[in-house]
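A.B. asks: Here you go, one structure.
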Amino acid sequence: MELKFRVAARIAKPVHQVFEAVANPAQLSEYFTTGGAQGRLETGATVTWDFHDFPGAFPVYVIEVVANEKIVLEWQASEGEAPNVADGELTDADYRTRVTMSFTGLDDGRTLVEIAEEGWRENQGALGASYGNCQGWSQMLCALKVWIEHGIHLRADMYR
């Protein structure tokens, strides 16, 4: 069994605008990285993302970027919640998972965004962590959609 998932959404904006909303740290910080993002997503870069629900900036390794088409990144895998579940902390593992974001312009002017993540080890903790990341990427797509289409900050003050 291979632990992986894919989520997708259609965003009512042109592909370049949607791609920039993800690649540009100032825009990403508006709707997703509630604690801020540092560094543009470019091939070979290491950037940092911070979230109020999982405080502490952590590195994101950008493997490949094809403008308006694809972003591939890796980050530290986790394998389930730490003993103090109330803190919402995850136990880091000694490997990375890979995230692939695809951007496809649709005939009606919208953009299809697909996000896939894979690479967890096959154990119960990693399974739980993969579910959490699937939820997180689904939230990211929802937050992106309402922010870029309607200017609504869905995650504002959600975690503090």
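Ordering of the structure tokens sets the chain letters (A, B, ...); residue numbers start at 1 within each chain; ligands are numbered from 1 in the order shown.
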Run DSSP on the backbone of this structure and report the residues of range 35-124 of chain A it assigns to helix (DSSP H, G or I), as a ChimeraX atom specification.

C.D. replies: /A:85-87,124

A.B. asks: Once you have the residues from the selection above, write them out as an mmCIF file, in the first residue's frame, restricted to all heavy atoms.

C.D. replies:
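result.cif, written as the output of this step:
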```
data_model
loop_
_atom_site.group_PDB
_atom_site.id
_atom_site.type_symbol
_atom_site.label_atom_id
_atom_site.label_comp_id
_atom_site.auth_asym_id
_atom_site.auth_seq_id
_atom_site.Cartn_x
_atom_site.Cartn_y
_atom_site.Cartn_z
ATOM 1 N N VAL A 85 -1.217 16.006 22.595
ATOM 2 C CA VAL A 85 -2.131 16.267 21.471
ATOM 3 C C VAL A 85 -2.736 17.659 21.558
ATOM 4 O O VAL A 85 -3.013 18.294 20.544
ATOM 5 C CB VAL A 85 -3.238 15.183 21.426
ATOM 6 C CG1 VAL A 85 -4.244 15.482 20.337
ATOM 7 C CG2 VAL A 85 -2.610 13.817 21.196
ATOM 8 N N ALA A 86 -2.909 18.191 22.759
ATOM 9 C CA ALA A 86 -3.518 19.512 22.915
ATOM 10 C C ALA A 86 -2.701 20.594 22.225
ATOM 11 O O ALA A 86 -3.249 21.606 21.788
ATOM 12 C CB ALA A 86 -3.674 19.836 24.402
ATOM 13 N N ASP A 87 -1.393 20.398 22.107
ATOM 14 C CA ASP A 87 -0.549 21.381 21.449
ATOM 15 C C ASP A 87 -0.650 21.305 19.929
ATOM 16 O O ASP A 87 -0.200 22.204 19.245
ATOM 17 C CB ASP A 87 0.921 21.191 21.850
ATOM 18 C CG ASP A 87 1.171 21.588 23.288
ATOM 19 O OD1 ASP A 87 0.366 22.352 23.846
ATOM 20 O OD2 ASP A 87 2.170 21.111 23.855
ATOM 21 N N GLN A 124 1.014 3.525 10.988
ATOM 22 C CA GLN A 124 -0.202 4.185 11.441
ATOM 23 C C GLN A 124 -0.013 5.686 11.649
ATOM 24 O O GLN A 124 -0.877 6.479 11.308
ATOM 25 C CB GLN A 124 -0.713 3.525 12.737
ATOM 26 C CG GLN A 124 -2.122 3.938 13.103
ATOM 27 C CD GLN A 124 -3.154 3.546 12.047
ATOM 28 O OE1 GLN A 124 -3.100 2.460 11.474
ATOM 29 N NE2 GLN A 124 -4.080 4.440 11.772
#
```

A.B. asks: Please provide as a list in words all residues within 9 Å of range 105-114 of chain A, with the sequence filter that same-chain residues fewer than 5 positions apart are discarded (counting only C-alpha atoms).

C.D. replies: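 Residues meeting the cut-off are Arg6, Val7, Ala8, Ala9, Arg10, Ile11, Ala12, Lys13, Pro14, Val15, His16, Val18, Phe19, Asn68, Glu69, Thr100 and Leu141 of chain A.
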
A.B. asks: I need the residue nearest Ala23 in chain A from this list: A:Gly39, A:Gly125, A:Pro59, A:Gly132. Use only C-alpha atoms for the distance.

C.D. replies: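 Under the stated criterion, the closest residue is A:Gly39.
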
A.B. asks: What lies within 12 Å of Ala57 in chain A using only C-alpha atoms, ignoring chain neighbours under 4 positions off, as a PyMOL selection string?

C.D. replies: chain A and resi 33-38+47-53+75

A.B. asks: Keeping only N, CA and C atoms, write the selected residues as a PDB file, in the first residue's frame.

C.D. replies:
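The result, written out as out27.pdb:
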```
ATOM      1  N   THR A  33      -0.665  30.597   4.519  1.00  0.00           N
ATOM      2  CA  THR A  33       0.346  30.507   5.576  1.00  0.00           C
ATOM      3  C   THR A  33       0.059  31.595   6.602  1.00  0.00           C
ATOM      4  N   THR A  34      -0.790  31.276   7.557  1.00  0.00           N
ATOM      5  CA  THR A  34      -1.306  32.253   8.513  1.00  0.00           C
ATOM      6  C   THR A  34      -0.211  32.922   9.336  1.00  0.00           C
ATOM      7  N   GLY A  35       0.952  32.305   9.444  1.00  0.00           N
ATOM      8  CA  GLY A  35       2.090  32.910  10.126  1.00  0.00           C
ATOM      9  C   GLY A  35       3.081  33.533   9.162  1.00  0.00           C
ATOM     10  N   GLY A  36       2.819  33.427   7.870  1.00  0.00           N
ATOM     11  CA  GLY A  36       3.657  34.049   6.856  1.00  0.00           C
ATOM     12  C   GLY A  36       4.480  33.068   6.048  1.00  0.00           C
ATOM     13  N   ALA A  37       4.806  33.486   4.838  1.00  0.00           N
ATOM     14  CA  ALA A  37       5.676  32.734   3.934  1.00  0.00           C
ATOM     15  C   ALA A  37       6.846  33.635   3.574  1.00  0.00           C
ATOM     16  N   GLN A  38       8.032  33.061   3.511  1.00  0.00           N
ATOM     17  CA  GLN A  38       9.233  33.801   3.145  1.00  0.00           C
ATOM     18  C   GLN A  38       9.879  33.116   1.948  1.00  0.00           C
ATOM     19  N   VAL A  47      12.441  27.826   0.979  1.00  0.00           N
ATOM     20  CA  VAL A  47      11.632  28.901   1.539  1.00  0.00           C
ATOM     21  C   VAL A  47      11.130  28.459   2.910  1.00  0.00           C
ATOM     22  N   THR A  48      10.493  29.365   3.633  1.00  0.00           N
ATOM     23  CA  THR A  48       9.895  28.977   4.908  1.00  0.00           C
ATOM     24  C   THR A  48       8.422  29.341   4.925  1.00  0.00           C
ATOM     25  N   TRP A  49       7.655  28.465   5.552  1.00  0.00           N
ATOM     26  CA  TRP A  49       6.231  28.679   5.774  1.00  0.00           C
ATOM     27  C   TRP A  49       5.969  28.561   7.268  1.00  0.00           C
ATOM     28  N   ASP A  50       5.040  29.371   7.758  1.00  0.00           N
ATOM     29  CA  ASP A  50       4.662  29.338   9.168  1.00  0.00           C
ATOM     30  C   ASP A  50       3.139  29.362   9.242  1.00  0.00           C
ATOM     31  N   PHE A  51       2.600  28.586  10.159  1.00  0.00           N
ATOM     32  CA  PHE A  51       1.149  28.494  10.339  1.00  0.00           C
ATOM     33  C   PHE A  51       0.827  28.692  11.819  1.00  0.00           C
ATOM     34  N   HIS A  52      -0.220  29.445  12.118  1.00  0.00           N
ATOM     35  CA  HIS A  52      -0.608  29.637  13.516  1.00  0.00           C
ATOM     36  C   HIS A  52      -1.047  28.328  14.161  1.00  0.00           C
ATOM     37  N   ASP A  53      -1.593  27.400  13.385  1.00  0.00           N
ATOM     38  CA  ASP A  53      -2.036  26.134  13.969  1.00  0.00           C
ATOM     39  C   ASP A  53      -0.868  25.177  14.227  1.00  0.00           C
ATOM     40  N   TRP A  75       8.879  18.610   1.857  1.00  0.00           N
ATOM     41  CA  TRP A  75       8.993  19.093   3.225  1.00  0.00           C
ATOM     42  C   TRP A  75       9.077  17.923   4.171  1.00  0.00           C
TER      43      TRP A  75
END
```
